[in-house]
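Taking it in order: structure first as structure tokens, then the write-up.
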Amino acid sequence: MNIRLHDGPLAELECDALVLPLTGGGALGQSAATQVAGLRESGEVTGKPSELTLLHEPKNLAARRLMLVGVGDELDATQAFHLAGQAVRVAQQKKFKRLAIAFEDGGLIRALVEGCVYGGYERPKYKSDDSASPVEEIMIVAPGADELAFEAGRAVGESVNLTRRLVDIPANDLGPVEFADMAESMGSAAGLEVEVLDEPALEALGAGSLLSVAKGSARPPRLVRLSWNPSNAIGGSHLFLVGKGVTFDTGGLSLKPANSMEKMKYDMAGAATMLGAITAIARLGVPQRVSCLLGLVENMPSGTATRPGDIVQAMNGKTIEVINTDAEGRLVLADALTYAVRQGATHLIDAATLTGAVSVALGSVNIGLMSNNESLQSHITASGLAIGEHFWALPMNDDYLDPMKGDLSDLRNAGTDRKAGTITAAKFLEQFVDATPWAHLDIAGTANLDKELPHAPKGASGIAVRSLVCAVENWPNGGPG
Ligand code: BES
Ligand code: MG
Ligand code: ZN
């Protein structure tokens, strides 16, 4: 898909469809503007978000179609992203090849380009009669648009799609080793330093918690570190982005029911999110030191699998009784977080499809946010708000740790009931971050779409990548906290 900035009178733009946000038709040819005004007056078109109207043979325009997309009261970065994503998807369905999108000012160019790239996402191809009809060219008319912001939009959009692709690939084609290989090639291409720790290396580090999850699988685990260490880094902080990368979660011996188990290929979405985010950060050349750790394992039941009741020792020395082998994400993150602290992390953010309970609490609208640091927490929330991703902070009273305290061991990986399951999981993770400012993102309810949205098909949403990039771009000097 070739996206480029274009300059010139809208009425003369030759394309299959000209896309306009419904905020007014000032720059349109007179007759088309009158047509649009008429539709508004009749009440047929209201301009509410995602309302889409396609006018055929618009008067006095060279465009074959005029596509009006409602943006509500105000055209902001969130609406620009949604509009572009939706327009590109509709264009694909209608088999339009040449699209033009016009905004009255260039200030929203980055969100607009991010949305175009997002909308153009092609899911991994497994259908023999794939009738996908990609848009070939998008011309953007946005007076005053900045070339750098345009390119940033492309880099971020492509990084989000990298995340989505990894999440959508089925687990037979993406195990821990395949994921690590992808991370290595994508990371090096983006200019990151990459280190891949294999099973013997993890054993030498004493990563008994992570390794206990991998034991049931024929596929060996990996811990991947990617580092962005720019020479112009400011402030001296070193943020670690840590991702849960369970390439498939059967539940292990505490086997999940068959119903919907196929969805558990998305249990590596946290790792894919962090890989997408650090790739974008590197491509944008953000002057901040950032590393990423991906804990990659497959959770399978077998004769070599960890049993409920087994006690394992984590890298930081703490012992954990494995009550439920399906509470495996926290076991993987425990060692990844310890490793991050050992590597000198000054700030930690982890992303994980950690609990089913987060969907019960927040549905697919908000990411569950849990933190030991107020300023990091509000920095993340504000970054999300700026681009239309929602984070909701949950309480972290120490009382929530009680169910996770062990009887025979220091900790247990599951409580005795399901109460506050998202928070008790976070309190478990907190035992591995020492006093480092840390935030945990539970994306189990939001990383995968069960229903399509106007701007996105079913499947991986790529959520949190853009918020994290935005959080690092606006990182306060020395970091929050
Ligand atoms: N990967 C799951 C969480 C999950 C559930 C993600 C649904 C996406 C959709 C996680 O490993 C898990 O199984 N968690 C258990 C924890 C419980 C055993 C304490 C859960 O949420 O039921
Ligand atoms: Mg599980
Ligand atoms: Zn899981």
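Residue names in the structure tokens use chain letters A, B, ... in the order shown, residue numbers from 1 in each chain, and ligand numbers from 1 in the order shown.
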
Practice prompt. Kindly provide, as a list in words, all nucleotide and amino acid residues lying within 8 Å of ligand 3, counting only C-alpha atoms and all ligand atoms.
Written response: Val246, Phe248, Asp249, Gly251, Met264, Asp267, Asn299, Asp326, Ala327, Glu328, Gly329, Thr353, Leu354 and Thr355 of chain A

Worksheet entry | Val90 of chain A surroundings by only C-alpha atoms, 12 Å radius, close-in-sequence under 4 positions cut, as a VMD selection string | chain A and resid 16 to 17 19 50 to 54 67 to 69 83 to 86 94 to 97 99 116 119 to 120 133 to 135 453 to 457

Export, as a short mmCIF file (atom, residue, chain, number, x, y, z; two decimals), in the first residue's frame, the selected residues with C-alpha atoms.
```cif
data_model
loop_
_atom_site.label_atom_id
_atom_site.label_comp_id
_atom_site.auth_asym_id
_atom_site.auth_seq_id
_atom_site.Cartn_x
_atom_site.Cartn_y
_atom_site.Cartn_z
CA ASP A 16 -12.07 5.65 -6.56
CA ALA A 17 -13.21 7.38 -3.41
CA VAL A 19 -12.88 10.30 2.11
CA SER A 50 -18.22 5.76 12.46
CA GLU A 51 -21.40 6.65 10.52
CA LEU A 52 -20.41 6.05 6.90
CA THR A 53 -22.15 7.45 3.84
CA LEU A 54 -21.09 6.66 0.29
CA MET A 67 -17.10 8.70 1.40
CA LEU A 68 -18.29 10.69 4.40
CA VAL A 69 -17.28 9.41 7.81
CA LEU A 83 -11.84 7.18 10.51
CA ALA A 84 -8.78 6.18 8.49
CA GLY A 85 -8.94 2.56 9.63
CA GLN A 86 -12.62 2.31 8.77
CA LYS A 94 -15.67 -2.29 -2.22
CA LYS A 95 -12.49 -3.16 -4.13
CA PHE A 96 -11.43 0.48 -4.42
CA LYS A 97 -7.78 0.73 -5.44
CA LEU A 99 -8.25 6.29 -2.15
CA CYS A 116 -4.50 3.95 7.23
CA GLY A 119 -6.92 -0.46 8.34
CA GLY A 120 -4.78 -2.03 5.63
CA SER A 133 -8.37 -6.86 -2.39
CA PRO A 134 -5.82 -4.49 -0.91
CA VAL A 135 -6.01 -0.76 -1.52
CA LEU A 453 -15.18 -3.11 14.77
CA PRO A 454 -15.57 -0.52 12.02
CA HIS A 455 -11.79 -0.06 11.89
CA ALA A 456 -10.68 -3.60 12.76
CA PRO A 457 -11.51 -7.18 11.84
#
```

Item to complete: Would you mind listing the residues within 10 Å of ligand 1, counting only C-alpha atoms and all ligand atoms, as a VMD selection string?
Response: chain A and resid 244 to 252 254 to 256 260 to 261 263 to 269 299 323 to 331 352 to 360 413 to 419 421 to 422 424 to 425 442 to 448

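By chain and then residue number, the residues within 8 Å of Arg222 of chain A are Pro176, Val177, Ala180, Val196, Leu197, Asp198, Glu199, Pro220, Val224, Leu294, Gly295, Leu296 and Val297 of chain A, counting only C-alpha atoms and disregarding those fewer than 2 positions away in sequence.
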
Atoms kept (N, CA and C atoms) for selection, written as a PDB file, in the first residue's frame:
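Once written, part08.pdb looks like this:
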```
ATOM      1  N   PRO A 176       7.736 -20.928  20.826  1.00  0.00           N
ATOM      2  CA  PRO A 176       8.747 -20.045  21.427  1.00  0.00           C
ATOM      3  C   PRO A 176       9.959 -19.800  20.527  1.00  0.00           C
ATOM      4  N   VAL A 177      10.436 -20.851  19.855  1.00  0.00           N
ATOM      5  CA  VAL A 177      11.639 -20.698  19.028  1.00  0.00           C
ATOM      6  C   VAL A 177      11.347 -19.843  17.797  1.00  0.00           C
ATOM      7  N   ALA A 180      11.027 -16.295  18.886  1.00  0.00           N
ATOM      8  CA  ALA A 180      12.344 -15.711  19.170  1.00  0.00           C
ATOM      9  C   ALA A 180      13.073 -15.362  17.865  1.00  0.00           C
ATOM     10  N   VAL A 196      19.272 -13.765  22.786  1.00  0.00           N
ATOM     11  CA  VAL A 196      18.295 -14.836  22.961  1.00  0.00           C
ATOM     12  C   VAL A 196      18.844 -15.853  23.958  1.00  0.00           C
ATOM     13  N   LEU A 197      18.157 -16.031  25.076  1.00  0.00           N
ATOM     14  CA  LEU A 197      18.586 -17.015  26.081  1.00  0.00           C
ATOM     15  C   LEU A 197      17.832 -18.318  25.849  1.00  0.00           C
ATOM     16  N   ASP A 198      18.572 -19.411  25.698  1.00  0.00           N
ATOM     17  CA  ASP A 198      17.918 -20.710  25.493  1.00  0.00           C
ATOM     18  C   ASP A 198      17.801 -21.440  26.839  1.00  0.00           C
ATOM     19  N   GLU A 199      17.356 -22.683  26.780  1.00  0.00           N
ATOM     20  CA  GLU A 199      17.071 -23.432  28.008  1.00  0.00           C
ATOM     21  C   GLU A 199      18.286 -23.556  28.935  1.00  0.00           C
ATOM     22  N   PRO A 220      11.133 -26.053  23.295  1.00  0.00           N
ATOM     23  CA  PRO A 220      11.893 -25.403  24.374  1.00  0.00           C
ATOM     24  C   PRO A 220      11.555 -23.911  24.498  1.00  0.00           C
ATOM     25  N   VAL A 224      13.925 -13.592  25.365  1.00  0.00           N
ATOM     26  CA  VAL A 224      14.573 -12.697  24.407  1.00  0.00           C
ATOM     27  C   VAL A 224      14.702 -11.305  25.010  1.00  0.00           C
ATOM     28  N   LEU A 294      11.062 -10.741  26.440  1.00  0.00           N
ATOM     29  CA  LEU A 294       9.941 -11.578  26.024  1.00  0.00           C
ATOM     30  C   LEU A 294      10.112 -12.965  26.632  1.00  0.00           C
ATOM     31  N   GLY A 295       9.179 -13.359  27.491  1.00  0.00           N
ATOM     32  CA  GLY A 295       9.209 -14.691  28.105  1.00  0.00           C
ATOM     33  C   GLY A 295       8.385 -15.625  27.246  1.00  0.00           C
ATOM     34  N   LEU A 296       9.060 -16.508  26.503  1.00  0.00           N
ATOM     35  CA  LEU A 296       8.390 -17.336  25.495  1.00  0.00           C
ATOM     36  C   LEU A 296       8.363 -18.804  25.908  1.00  0.00           C
ATOM     37  N   VAL A 297       7.167 -19.328  26.102  1.00  0.00           N
ATOM     38  CA  VAL A 297       6.993 -20.733  26.476  1.00  0.00           C
ATOM     39  C   VAL A 297       5.685 -21.255  25.894  1.00  0.00           C
TER      40      VAL A 297
END
```

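Interatomic distance, atom CA of Val117 of chain A against atom CA of Glu158 of chain A: 6.5 Å.
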
Practice prompt. As a count of residues only, list the residues of segment 287-424 of chain A assigned to strand (DSSP E) by DSSP on the backbone atoms of this structure.
Written response: 35

Report as a PDB file with C-alpha atoms, in the first residue's frame all protein, DNA and RNA residues lying within 12 Å of Ile380 of chain A, evaluated on only C-alpha atoms, omitting residues in the same chain fewer than 6 positions from it.
```pdb
ATOM      1  CA  LEU A 348       9.146  -1.652  34.461  1.00  0.00           C
ATOM      2  CA  ILE A 349       6.011  -2.109  32.425  1.00  0.00           C
ATOM      3  CA  ASP A 350       4.680  -5.577  31.711  1.00  0.00           C
ATOM      4  CA  ILE A 367      -6.984  -2.512  29.841  1.00  0.00           C
ATOM      5  CA  GLY A 368      -6.529  -3.446  33.507  1.00  0.00           C
ATOM      6  CA  LEU A 369      -3.727  -1.309  34.932  1.00  0.00           C
ATOM      7  CA  MET A 370      -2.037  -2.130  38.225  1.00  0.00           C
ATOM      8  CA  SER A 371       0.996  -0.361  39.573  1.00  0.00           C
ATOM      9  CA  ASN A 373       3.707   3.906  41.458  1.00  0.00           C
ATOM     10  CA  GLU A 374       1.134   6.681  41.062  1.00  0.00           C
ATOM     11  CA  ALA A 386      -4.341  10.977  23.952  1.00  0.00           C
ATOM     12  CA  ILE A 387      -4.775   8.324  21.274  1.00  0.00           C
ATOM     13  CA  GLU A 389      -6.864   3.512  24.275  1.00  0.00           C
ATOM     14  CA  HIS A 390      -8.371   3.122  27.728  1.00  0.00           C
ATOM     15  CA  PHE A 391      -6.604   2.012  30.889  1.00  0.00           C
ATOM     16  CA  TRP A 392      -8.395   1.542  34.176  1.00  0.00           C
ATOM     17  CA  ALA A 393      -6.401   1.433  37.376  1.00  0.00           C
ATOM     18  CA  TRP A 438       6.346  -0.897  37.845  1.00  0.00           C
ATOM     19  CA  ALA A 439       3.053  -1.076  35.990  1.00  0.00           C
ATOM     20  CA  HIS A 440       1.230  -4.206  34.910  1.00  0.00           C
ATOM     21  CA  LEU A 441      -1.168  -4.204  31.953  1.00  0.00           C
ATOM     22  CA  ALA A 464      -1.382  -0.843  23.919  1.00  0.00           C
ATOM     23  CA  VAL A 465       1.393  -0.558  21.340  1.00  0.00           C
ATOM     24  CA  ARG A 466       0.500   3.019  20.413  1.00  0.00           C
ATOM     25  CA  SER A 467      -0.043   4.038  24.040  1.00  0.00           C
ATOM     26  CA  LEU A 468       3.340   2.640  25.059  1.00  0.00           C
ATOM     27  CA  VAL A 469       5.125   4.386  22.208  1.00  0.00           C
ATOM     28  CA  CYS A 470       3.404   7.613  23.181  1.00  0.00           C
ATOM     29  CA  ALA A 471       4.330   7.059  26.856  1.00  0.00           C
ATOM     30  CA  VAL A 472       8.020   6.666  25.959  1.00  0.00           C
ATOM     31  CA  GLU A 473       8.014   9.624  23.540  1.00  0.00           C
ATOM     32  CA  ASN A 474       6.640  11.797  26.344  1.00  0.00           C
ATOM     33  CA  TRP A 475       8.755  10.199  29.076  1.00  0.00           C
ATOM     34  CA  PRO A 476       9.469  12.801  31.760  1.00  0.00           C
ATOM     35  CA  GLY A 479      11.125   8.835  34.179  1.00  0.00           C
ATOM     36  CA  PRO A 480       7.922   9.024  36.233  1.00  0.00           C
TER      37      PRO A 480
END
```

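Taking only C-alpha atoms and all ligand atoms into account, ligand 2 lies nearest to A:Pro301 out of the set A:Pro9, A:Pro301, A:Gly115, A:Gly478.
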
Practice prompt. Using DSSP on the backbone coordinates, identify all residues within segment 184-361 of chain A classified as alpha helix (DSSP H); present the result as a ChimeraX atom specification.
Written response: /A:184-189,199-205,208-214,269-284,329-342,357-361

Practice prompt. Would you kindly return, as a PyMOL selection string, each protein, DNA or RNA residue with an atom no farther than 10 Å from any atom of Asn397 of chain A, considering only C-alpha atoms and excluding same-chain residues fewer than 4 positions away?
Written response: chain A and resi 372+401+423-424+427

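Checking A:Glu452, A:Asp181, A:Asp76, A:Glu57 one by one against Arg89 of chain A, counting only C-alpha atoms, you find the shortest gap at A:Glu452.
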
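Of the residues under consideration (A:Phe81, A:Ala91, A:Asp398, A:Leu253), A:Leu253 shows the shortest atom-to-atom contact distance to ligand 2 when counting only C-alpha atoms and all ligand atoms.
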
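Rounded to one decimal, atom CA of His347 of chain A and atom CA of Ala207 of chain A lie 21.1 Å from each other.
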
Practice prompt. Would you mind listing what lies within 7 Å of Ala334 of chain A as a PyMOL selection string, with only C-alpha atoms counted and same-chain residues fewer than 4 positions away left out?
Written response: chain A and resi 330+338+429+432

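By only C-alpha atoms, and with residues fewer than 5 positions from Gln313 of chain A along its chain excluded, the set lying at most 10 Å from it is Gly206, Ala207, Gly208, Ser209, Leu210, Leu211, Ser212, Lys318, Thr319, Ile320, Glu321, Asp335, Ser409 and Asp410 of chain A.
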